[in-house]
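Printed here is run-v2.pdb (PDB, C-alpha atoms and all ligand atoms):
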ATOM      1  CA  MET A  12     116.668  75.414 106.589  1.00  0.00           C
ATOM      2  CA  SER A  13     115.155  74.476 103.280  1.00  0.00           C
ATOM      3  CA  GLU A  14     114.024  76.746 100.527  1.00  0.00           C
ATOM      4  CA  LEU A  15     110.370  77.723 100.609  1.00  0.00           C
ATOM      5  CA  ILE A  16     110.107  80.300  97.835  1.00  0.00           C
ATOM      6  CA  ARG A  17     112.153  81.163  94.806  1.00  0.00           C
ATOM      7  CA  LEU A  18     111.252  84.072  92.556  1.00  0.00           C
ATOM      8  CA  SER A  19     113.355  84.346  89.415  1.00  0.00           C
ATOM      9  CA  GLY A  20     113.114  87.268  87.039  1.00  0.00           C
ATOM     10  CA  ILE A  21     109.585  88.124  88.155  1.00  0.00           C
ATOM     11  CA  LYS A  22     108.053  90.945  86.133  1.00  0.00           C
ATOM     12  CA  LYS A  23     104.624  92.440  86.469  1.00  0.00           C
ATOM     13  CA  SER A  24     103.043  95.139  84.390  1.00  0.00           C
ATOM     14  CA  TYR A  25      99.540  96.526  84.368  1.00  0.00           C
ATOM     15  CA  ARG A  26      97.737  97.557  81.243  1.00  0.00           C
ATOM     16  CA  VAL A  27      96.387 101.060  81.679  1.00  0.00           C
ATOM     17  CA  GLY A  28      94.532 102.325  78.606  1.00  0.00           C
ATOM     18  CA  ASP A  29      96.760 101.129  75.794  1.00  0.00           C
ATOM     19  CA  VAL A  30     100.084 101.255  77.604  1.00  0.00           C
ATOM     20  CA  ASP A  31     101.778  98.621  79.738  1.00  0.00           C
ATOM     21  CA  VAL A  32     102.995 100.096  82.990  1.00  0.00           C
ATOM     22  CA  PRO A  33     105.876  98.058  84.412  1.00  0.00           C
ATOM     23  CA  VAL A  34     105.609  97.682  88.178  1.00  0.00           C
ATOM     24  CA  LEU A  35     107.982  94.805  88.970  1.00  0.00           C
ATOM     25  CA  ARG A  36     111.002  94.808  86.682  1.00  0.00           C
ATOM     26  CA  GLY A  37     112.783  91.541  87.422  1.00  0.00           C
ATOM     27  CA  ILE A  38     112.667  90.355  91.017  1.00  0.00           C
ATOM     28  CA  ASP A  39     114.982  87.568  92.187  1.00  0.00           C
ATOM     29  CA  LEU A  40     114.269  86.512  95.738  1.00  0.00           C
ATOM     30  CA  THR A  41     114.776  83.313  97.693  1.00  0.00           C
ATOM     31  CA  ILE A  42     113.084  82.772 101.042  1.00  0.00           C
ATOM     32  CA  GLU A  43     114.019  79.936 103.375  1.00  0.00           C
ATOM     33  CA  GLU A  44     111.522  78.118 105.554  1.00  0.00           C
ATOM     34  CA  GLY A  45     111.180  79.813 108.936  1.00  0.00           C
ATOM     35  CA  GLU A  46     112.710  83.105 107.803  1.00  0.00           C
ATOM     36  CA  ARG A  47     111.368  86.425 108.997  1.00  0.00           C
ATOM     37  CA  ILE A  48     111.685  89.037 106.290  1.00  0.00           C
ATOM     38  CA  VAL A  49     110.722  92.657 106.170  1.00  0.00           C
ATOM     39  CA  ILE A  50     110.092  94.438 102.871  1.00  0.00           C
ATOM     40  CA  VAL A  51     110.644  98.183 102.795  1.00  0.00           C
ATOM     41  CA  GLY A  52     110.553 100.745 100.004  1.00  0.00           C
ATOM     42  CA  ARG A  53     108.957 103.986  98.913  1.00  0.00           C
ATOM     43  CA  SER A  54     105.255 104.277  98.208  1.00  0.00           C
ATOM     44  CA  GLY A  55     104.563 102.969  94.711  1.00  0.00           C
ATOM     45  CA  SER A  56     107.777 100.918  94.525  1.00  0.00           C
ATOM     46  CA  GLY A  57     105.850  97.654  94.093  1.00  0.00           C
ATOM     47  CA  LYS A  58     105.778  96.130  97.605  1.00  0.00           C
ATOM     48  CA  SER A  59     102.079  95.226  97.653  1.00  0.00           C
ATOM     49  CA  THR A  60     102.296  93.921  94.104  1.00  0.00           C
ATOM     50  CA  LEU A  61     105.133  91.647  95.221  1.00  0.00           C
ATOM     51  CA  MET A  62     103.164  90.504  98.299  1.00  0.00           C
ATOM     52  CA  ASN A  63     100.131  89.692  96.162  1.00  0.00           C
ATOM     53  CA  ILE A  64     102.316  87.525  93.962  1.00  0.00           C
ATOM     54  CA  LEU A  65     103.881  85.807  97.001  1.00  0.00           C
ATOM     55  CA  GLY A  66     100.366  85.089  98.302  1.00  0.00           C
ATOM     56  CA  PHE A  67      99.051  83.832  94.941  1.00  0.00           C
ATOM     57  CA  LEU A  68      96.514  86.654  94.828  1.00  0.00           C
ATOM     58  CA  ASP A  69      97.988  87.878  91.565  1.00  0.00           C
ATOM     59  CA  SER A  70     100.190  86.288  88.937  1.00  0.00           C
ATOM     60  CA  PRO A  71     103.317  87.724  87.362  1.00  0.00           C
ATOM     61  CA  THR A  72     103.502  88.792  83.731  1.00  0.00           C
ATOM     62  CA  SER A  73     106.690  86.751  83.344  1.00  0.00           C
ATOM     63  CA  GLY A  74     109.338  84.992  85.394  1.00  0.00           C
ATOM     64  CA  ALA A  75     109.315  81.853  87.511  1.00  0.00           C
ATOM     65  CA  HIS A  76     107.671  81.390  90.911  1.00  0.00           C
ATOM     66  CA  ASP A  77     108.481  78.224  92.830  1.00  0.00           C
ATOM     67  CA  PHE A  78     106.863  77.328  96.137  1.00  0.00           C
ATOM     68  CA  GLN A  79     107.989  74.262  98.102  1.00  0.00           C
ATOM     69  CA  GLY A  80     109.845  73.142  95.013  1.00  0.00           C
ATOM     70  CA  SER A  81     106.830  73.304  92.679  1.00  0.00           C
ATOM     71  CA  ARG A  82     106.345  75.758  89.848  1.00  0.00           C
ATOM     72  CA  VAL A  83     103.325  77.928  90.653  1.00  0.00           C
ATOM     73  CA  ASN A  84     102.895  79.882  87.448  1.00  0.00           C
ATOM     74  CA  GLY A  85     101.103  77.755  84.955  1.00  0.00           C
ATOM     75  CA  MET A  86      98.973  76.049  87.630  1.00  0.00           C
ATOM     76  CA  ASP A  87      95.232  76.339  86.991  1.00  0.00           C
ATOM     77  CA  ASP A  88      93.036  78.619  89.118  1.00  0.00           C
ATOM     78  CA  ASP A  89      91.618  75.790  91.217  1.00  0.00           C
ATOM     79  CA  GLY A  90      95.079  74.475  91.988  1.00  0.00           C
ATOM     80  CA  ILE A  91      96.243  77.940  92.984  1.00  0.00           C
ATOM     81  CA  SER A  92      93.190  78.600  95.185  1.00  0.00           C
ATOM     82  CA  MET A  93      93.709  75.278  96.895  1.00  0.00           C
ATOM     83  CA  LEU A  94      97.395  75.992  97.472  1.00  0.00           C
ATOM     84  CA  ARG A  95      96.575  79.471  98.810  1.00  0.00           C
ATOM     85  CA  GLY A  96      93.877  78.139 101.156  1.00  0.00           C
ATOM     86  CA  ARG A  97      96.176  75.500 102.564  1.00  0.00           C
ATOM     87  CA  THR A  98      99.420  77.393 102.929  1.00  0.00           C
ATOM     88  CA  ILE A  99      99.000  81.175 103.091  1.00  0.00           C
ATOM     89  CA  GLY A 100      97.825  83.499 105.837  1.00  0.00           C
ATOM     90  CA  PHE A 101      97.327  87.146 104.853  1.00  0.00           C
ATOM     91  CA  VAL A 102      97.057  90.210 107.115  1.00  0.00           C
ATOM     92  CA  PHE A 103      96.159  93.547 105.522  1.00  0.00           C
ATOM     93  CA  GLN A 104      96.448  97.131 106.697  1.00  0.00           C
ATOM     94  CA  GLN A 105      92.650  97.557 106.588  1.00  0.00           C
ATOM     95  CA  PHE A 106      91.897  94.351 108.583  1.00  0.00           C
ATOM     96  CA  HIS A 107      89.242  93.218 106.033  1.00  0.00           C
ATOM     97  CA  LEU A 108      86.948  91.630 108.613  1.00  0.00           C
ATOM     98  CA  LEU A 109      83.362  90.961 107.560  1.00  0.00           C
ATOM     99  CA  ARG A 110      81.242  93.470 109.453  1.00  0.00           C
ATOM    100  CA  GLY A 111      78.107  91.338 109.762  1.00  0.00           C
ATOM    101  CA  LEU A 112      79.894  88.402 111.391  1.00  0.00           C
ATOM    102  CA  THR A 113      81.095  88.024 114.982  1.00  0.00           C
ATOM    103  CA  ILE A 114      84.826  87.786 115.438  1.00  0.00           C
ATOM    104  CA  LEU A 115      84.505  84.055 116.090  1.00  0.00           C
ATOM    105  CA  GLU A 116      82.660  83.636 112.775  1.00  0.00           C
ATOM    106  CA  ASN A 117      85.254  85.779 110.996  1.00  0.00           C
ATOM    107  CA  VAL A 118      88.074  83.566 112.226  1.00  0.00           C
ATOM    108  CA  GLU A 119      86.172  80.415 111.292  1.00  0.00           C
ATOM    109  CA  LEU A 120      85.567  81.493 107.720  1.00  0.00           C
ATOM    110  CA  PRO A 121      88.768  80.192 106.079  1.00  0.00           C
ATOM    111  CA  MET A 122      88.150  76.736 107.582  1.00  0.00           C
ATOM    112  CA  GLU A 123      84.612  76.803 106.276  1.00  0.00           C
ATOM    113  CA  TYR A 124      86.032  77.233 102.780  1.00  0.00           C
ATOM    114  CA  LEU A 125      88.276  74.246 103.441  1.00  0.00           C
ATOM    115  CA  HIS A 126      85.202  72.219 104.531  1.00  0.00           C
ATOM    116  CA  VAL A 127      86.469  71.597 108.055  1.00  0.00           C
ATOM    117  CA  PRO A 128      83.582  70.271 110.219  1.00  0.00           C
ATOM    118  CA  PRO A 129      81.933  72.997 112.367  1.00  0.00           C
ATOM    119  CA  PRO A 130      82.863  71.703 115.862  1.00  0.00           C
ATOM    120  CA  LYS A 131      86.487  71.381 114.869  1.00  0.00           C
ATOM    121  CA  ARG A 132      86.735  74.812 113.306  1.00  0.00           C
ATOM    122  CA  ARG A 133      84.883  76.406 116.220  1.00  0.00           C
ATOM    123  CA  ALA A 134      87.328  74.901 118.701  1.00  0.00           C
ATOM    124  CA  ARG A 135      90.342  75.984 116.653  1.00  0.00           C
ATOM    125  CA  SER A 136      88.978  79.519 116.229  1.00  0.00           C
ATOM    126  CA  LYS A 137      88.363  79.908 119.965  1.00  0.00           C
ATOM    127  CA  GLU A 138      91.850  78.699 120.700  1.00  0.00           C
ATOM    128  CA  LEU A 139      93.321  81.212 118.244  1.00  0.00           C
ATOM    129  CA  LEU A 140      91.272  84.089 119.614  1.00  0.00           C
ATOM    130  CA  GLU A 141      92.399  83.184 123.124  1.00  0.00           C
ATOM    131  CA  ARG A 142      95.943  83.145 121.897  1.00  0.00           C
ATOM    132  CA  VAL A 143      95.662  86.698 120.528  1.00  0.00           C
ATOM    133  CA  GLY A 144      94.094  87.795 123.834  1.00  0.00           C
ATOM    134  CA  LEU A 145      90.475  88.056 122.658  1.00  0.00           C
ATOM    135  CA  GLY A 146      88.905  84.965 124.234  1.00  0.00           C
ATOM    136  CA  HIS A 147      86.497  87.245 126.114  1.00  0.00           C
ATOM    137  CA  ARG A 148      85.205  88.951 122.961  1.00  0.00           C
ATOM    138  CA  LEU A 149      84.052  86.039 120.805  1.00  0.00           C
ATOM    139  CA  ASP A 150      80.536  87.342 120.196  1.00  0.00           C
ATOM    140  CA  HIS A 151      81.543  90.910 119.430  1.00  0.00           C
ATOM    141  CA  LEU A 152      81.188  92.373 115.979  1.00  0.00           C
ATOM    142  CA  PRO A 153      84.303  93.952 114.448  1.00  0.00           C
ATOM    143  CA  ARG A 154      82.982  97.495 114.960  1.00  0.00           C
ATOM    144  CA  GLN A 155      82.687  96.817 118.689  1.00  0.00           C
ATOM    145  CA  LEU A 156      86.468  96.369 118.899  1.00  0.00           C
ATOM    146  CA  SER A 157      89.393  98.773 118.805  1.00  0.00           C
ATOM    147  CA  GLY A 158      91.657  98.884 115.744  1.00  0.00           C
ATOM    148  CA  GLY A 159      94.378  96.884 117.502  1.00  0.00           C
ATOM    149  CA  GLU A 160      91.859  94.256 118.583  1.00  0.00           C
ATOM    150  CA  GLN A 161      90.487  94.021 115.035  1.00  0.00           C
ATOM    151  CA  GLN A 162      93.970  93.487 113.702  1.00  0.00           C
ATOM    152  CA  ARG A 163      94.546  90.720 116.264  1.00  0.00           C
ATOM    153  CA  VAL A 164      91.359  89.059 114.992  1.00  0.00           C
ATOM    154  CA  ALA A 165      92.764  89.330 111.477  1.00  0.00           C
ATOM    155  CA  VAL A 166      95.994  87.683 112.655  1.00  0.00           C
ATOM    156  CA  ALA A 167      93.983  84.857 114.269  1.00  0.00           C
ATOM    157  CA  ARG A 168      92.065  84.404 111.018  1.00  0.00           C
ATOM    158  CA  ALA A 169      95.316  84.278 109.066  1.00  0.00           C
ATOM    159  CA  LEU A 170      96.564  81.473 111.329  1.00  0.00           C
ATOM    160  CA  GLU A 171      93.419  79.380 111.015  1.00  0.00           C
ATOM    161  CA  ASN A 172      94.801  77.073 108.320  1.00  0.00           C
ATOM    162  CA  HIS A 173      98.208  76.551 110.030  1.00  0.00           C
ATOM    163  CA  PRO A 174      99.876  78.534 107.243  1.00  0.00           C
ATOM    164  CA  THR A 175     103.359  77.807 106.011  1.00  0.00           C
ATOM    165  CA  LEU A 176     103.699  81.451 105.017  1.00  0.00           C
ATOM    166  CA  LEU A 177     102.285  84.459 106.859  1.00  0.00           C
ATOM    167  CA  LEU A 178     102.176  87.623 104.749  1.00  0.00           C
ATOM    168  CA  ALA A 179     101.387  90.995 106.310  1.00  0.00           C
ATOM    169  CA  ASP A 180     101.127  94.187 104.254  1.00  0.00           C
ATOM    170  CA  GLU A 181     101.596  97.187 106.577  1.00  0.00           C
ATOM    171  CA  PRO A 182      99.833  95.407 109.450  1.00  0.00           C
ATOM    172  CA  THR A 183     100.340  98.276 111.887  1.00  0.00           C
ATOM    173  CA  GLY A 184      99.769 101.097 109.396  1.00  0.00           C
ATOM    174  CA  ASN A 185      96.383 101.996 110.896  1.00  0.00           C
ATOM    175  CA  LEU A 186      97.234 101.488 114.562  1.00  0.00           C
ATOM    176  CA  ASP A 187      98.323 103.750 117.392  1.00  0.00           C
ATOM    177  CA  SER A 188     101.568 102.950 119.148  1.00  0.00           C
ATOM    178  CA  LYS A 189     100.064 100.823 121.929  1.00  0.00           C
ATOM    179  CA  ALA A 190      98.060  98.666 119.520  1.00  0.00           C
ATOM    180  CA  GLN A 191     101.099  98.469 117.293  1.00  0.00           C
ATOM    181  CA  ASP A 192     103.192  97.102 120.171  1.00  0.00           C
ATOM    182  CA  GLN A 193     100.591  94.428 120.878  1.00  0.00           C
ATOM    183  CA  VAL A 194     100.529  93.286 117.255  1.00  0.00           C
ATOM    184  CA  LEU A 195     104.334  93.246 117.083  1.00  0.00           C
ATOM    185  CA  GLU A 196     104.572  91.206 120.284  1.00  0.00           C
ATOM    186  CA  LEU A 197     102.073  88.800 118.790  1.00  0.00           C
ATOM    187  CA  PHE A 198     104.203  88.432 115.661  1.00  0.00           C
ATOM    188  CA  ASP A 199     107.299  87.833 117.822  1.00  0.00           C
ATOM    189  CA  ALA A 200     105.506  85.101 119.767  1.00  0.00           C
ATOM    190  CA  LEU A 201     104.168  83.466 116.616  1.00  0.00           C
ATOM    191  CA  HIS A 202     107.496  83.346 114.961  1.00  0.00           C
ATOM    192  CA  ARG A 203     109.118  81.974 118.111  1.00  0.00           C
ATOM    193  CA  ASP A 204     106.425  79.371 118.837  1.00  0.00           C
ATOM    194  CA  THR A 205     105.367  78.172 115.387  1.00  0.00           C
ATOM    195  CA  GLY A 206     108.403  78.928 113.238  1.00  0.00           C
ATOM    196  CA  VAL A 207     106.055  80.155 110.493  1.00  0.00           C
ATOM    197  CA  THR A 208     107.812  81.929 107.624  1.00  0.00           C
ATOM    198  CA  MET A 209     106.891  85.604 107.836  1.00  0.00           C
ATOM    199  CA  VAL A 210     107.074  88.360 105.251  1.00  0.00           C
ATOM    200  CA  VAL A 211     105.994  91.793 106.448  1.00  0.00           C
ATOM    201  CA  VAL A 212     105.806  95.035 104.470  1.00  0.00           C
ATOM    202  CA  THR A 213     106.324  98.079 106.619  1.00  0.00           C
ATOM    203  CA  HIS A 214     107.375 101.692 106.912  1.00  0.00           C
ATOM    204  CA  ASP A 215     107.908 101.137 110.592  1.00  0.00           C
ATOM    205  CA  PRO A 216     111.528 101.016 111.802  1.00  0.00           C
ATOM    206  CA  GLU A 217     110.504  99.006 114.895  1.00  0.00           C
ATOM    207  CA  ILE A 218     109.219  96.159 112.740  1.00  0.00           C
ATOM    208  CA  ALA A 219     112.271  96.311 110.527  1.00  0.00           C
ATOM    209  CA  GLU A 220     114.484  95.966 113.611  1.00  0.00           C
ATOM    210  CA  ARG A 221     112.850  92.658 114.487  1.00  0.00           C
ATOM    211  CA  ALA A 222     113.435  91.107 111.053  1.00  0.00           C
ATOM    212  CA  GLY A 223     115.973  88.468 110.194  1.00  0.00           C
ATOM    213  CA  ARG A 224     116.490  90.120 106.803  1.00  0.00           C
ATOM    214  CA  ILE A 225     115.422  93.386 105.219  1.00  0.00           C
ATOM    215  CA  VAL A 226     114.610  93.485 101.521  1.00  0.00           C
ATOM    216  CA  HIS A 227     114.572  96.913  99.882  1.00  0.00           C
ATOM    217  CA  VAL A 228     112.306  97.366  96.886  1.00  0.00           C
ATOM    218  CA  LEU A 229     113.214 100.262  94.641  1.00  0.00           C
ATOM    219  CA  ASP A 230     111.273 100.990  91.463  1.00  0.00           C
ATOM    220  CA  GLY A 231     110.198  97.391  90.980  1.00  0.00           C
ATOM    221  CA  ARG A 232     113.598  95.870  91.678  1.00  0.00           C
ATOM    222  CA  ILE A 233     115.324  94.551  94.760  1.00  0.00           C
ATOM    223  CA  ASP A 234     117.970  97.003  95.782  1.00  0.00           C
ATOM    224  CA  GLY A 235     121.218  95.354  96.727  1.00  0.00           C
ATOM    225  CA  GLY A 236     120.572  92.264  94.611  1.00  0.00           C
ATOM    226  CA  ALA A 237     120.030  88.638  95.507  1.00  0.00           C
ATOM    227  CA  PRO A 238     120.654  87.379  99.068  1.00  0.00           C
TER     228      PRO A 238
HETATM  229  N1  LIG A 301      95.749  97.188  89.335  1.00  0.00           N
HETATM  230  C1  LIG A 301      96.637  98.113  88.969  1.00  0.00           C
HETATM  231  N2  LIG A 301      96.549  98.735  87.777  1.00  0.00           N
HETATM  232  C2  LIG A 301      97.456  99.655  87.393  1.00  0.00           C
HETATM  233  N3  LIG A 301      98.505 100.040  88.123  1.00  0.00           N
HETATM  234  C3  LIG A 301      98.655  99.460  89.329  1.00  0.00           C
HETATM  235  C4  LIG A 301      97.739  98.480  89.821  1.00  0.00           C
HETATM  236  N4  LIG A 301      98.159  98.074  91.045  1.00  0.00           N
HETATM  237  C5  LIG A 301      99.265  98.799  91.312  1.00  0.00           C
HETATM  238  N5  LIG A 301      99.573  99.625  90.290  1.00  0.00           N
HETATM  239  C6  LIG A 301     100.724 100.535  90.236  1.00  0.00           C
HETATM  240  O1  LIG A 301     101.867  99.811  90.593  1.00  0.00           O
HETATM  241  C7  LIG A 301     102.745 100.617  91.366  1.00  0.00           C
HETATM  242  C8  LIG A 301     103.144  99.844  92.614  1.00  0.00           C
HETATM  243  O2  LIG A 301     102.001  99.663  93.437  1.00  0.00           O
HETATM  244  P1  LIG A 301     102.086  98.916  94.827  1.00  0.00           P
HETATM  245  O3  LIG A 301     100.719  98.946  95.406  1.00  0.00           O
HETATM  246  O4  LIG A 301     102.727  97.599  94.646  1.00  0.00           O
HETATM  247  O5  LIG A 301     103.076  99.893  95.628  1.00  0.00           O
HETATM  248  P2  LIG A 301     103.529  99.849  97.151  1.00  0.00           P
HETATM  249  O6  LIG A 301     105.010  99.760  97.168  1.00  0.00           O
HETATM  250  O7  LIG A 301     102.764  98.806  97.880  1.00  0.00           O
HETATM  251  O8  LIG A 301     103.105 101.294  97.683  1.00  0.00           O
HETATM  252  P3  LIG A 301     102.530 101.776  99.121  1.00  0.00           P
HETATM  253  O9  LIG A 301     103.715 101.876 100.035  1.00  0.00           O
HETATM  254  O10 LIG A 301     101.938 103.112  98.837  1.00  0.00           O
HETATM  255  O11 LIG A 301     101.515 100.779  99.577  1.00  0.00           O
HETATM  256  C9  LIG A 301     102.024 101.921  91.630  1.00  0.00           C
HETATM  257  O12 LIG A 301     102.577 102.897  90.800  1.00  0.00           O
HETATM  258  C10 LIG A 301     100.596 101.634  91.263  1.00  0.00           C
HETATM  259  O13 LIG A 301      99.983 102.759  90.703  1.00  0.00           O
HETATM  260 MG    MG A 302     101.343  98.843  99.385  1.00  0.00          MG
END
Would you mind writing the file out in structure tokens?
Amino acid sequence: MSELIRLSGIKKSYRVGDVDVPVLRGIDLTIEEGERIVIVGRSGSGKSTLMNILGFLDSPTSGAHDFQGSRVNGMDDDGISMLRGRTIGFVFQQFHLLRGLTILENVELPMEYLHVPPPKRRARSKELLERVGLGHRLDHLPRQLSGGEQQRVAVARALENHPTLLLADEPTGNLDSKAQDQVLELFDALHRDTGVTMVVVTHDPEIAERAGRIVHVLDGRIDGGAP
């Protein structure tokens, strides 16, 4: 396995009023290609902040972030957006589907941003929706689906760009146990079939059980130190 991500001394603070509130206090973390990692930790410990940095949605206050051997911090916004669009798939607790678009259109959206020609992106999106068991629902709007189905659409959307890294922040947090099982089985199959590197934040012991490695975040630090 080769190294995909290296975080060294990552700190993040937010300015609130005239004080800096430290949220990440020096994170060192190395992730190998194809790894399946679960991040756990108390509410407010900094897990989502860390995920946003891993997904290039936010940048650290200090420290070094390397991805595929290249230094990410210091890259300009266009370079970072491009890198994110090409390599990252993100799944959120709240699904974040666009309500006015059918599920097929939702899944197509990331490829539209990447200027993939319509017939190609349509075919890929259908294939992904079939894969997550929703091939018979292409023309439905998100609100016409159950929570578990909506989350499977979100997973399909996250896979649209053949991501190198799939990030999921409490992906089953809003689901009942049956829907949760379906999403977890989907993650198992994806990891087995595509070898995508997966980082999942969860409070759920069942997800943690399936991980190759569990990373504990405690007050903005990784508990137990470097791997
Ligand atoms: N934009 C922001 N401005 C100020 N403070 C923030 C901001 N985002 C997060 N924080 C603070 O950073 C801390 C960590 O937040 P974060 O969302 O990373 O926690 P978390 O571990 O994901 O928690 P949860 O399990 O509840 O989702 C919290 O105390 C939060 O108030
Ligand atoms: Mg969070």
Next on the checklist: Please find the residues contacting ligand LIG 301 (chain A) at a distance of at most 7 Å between atoms, with only C-alpha atoms and all ligand atoms counted, and report them as an NGL selection string.
Outcome noted: :A and (25-27 or 32 or 34 or 52-61)
Checklist entry - Quick one: which residues end up in the PyMOL selection byres (((chain A and resi 146-149) around 7) and not hetatm) for this structure, as a list in words? => result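 Applying the expression gives Thr113, Ile114, Leu115, Lys137, Leu140, Glu141, Gly144, Leu145, Asp150 and His151 of chain A.
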Checklist outcome for this item: Restricting to only C-alpha atoms, whichever of A:Asp31, A:Glu123, A:Asp69, A:Glu14 is closest to Ser81 in chain A is A:Glu14
Item to check | Shell around Arg133 in chain A at 9 Å using only C-alpha atoms, local window under 2 positions removed, as a ChimeraX atom specification | outcome: /A:115-116,118-119,128-131,135-138
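Distance annotation: of A:Asp215, A:Asp199, A:Glu171, A:Glu160, the residue with the minimal separation from Thr183 in chain A is A:Asp215; atom set is only C-alpha atoms.
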Next on the checklist: Can you measure CA of Arg97 in chain A to CA of Gly37 in chain A for me? One decimal in Å is fine.
Outcome noted: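 These atoms are spaced 27.6 Å apart.
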Next on the checklist: Please enumerate the residues selected by the PyMOL selection byres (((chain A and resi 101-105) around 9) and not hetatm) when evaluated against the supplied file, formatted as a PyMOL selection string.
Outcome noted: chain A and resi 66+99-100+106-108+162+165-166+168-170+176-185
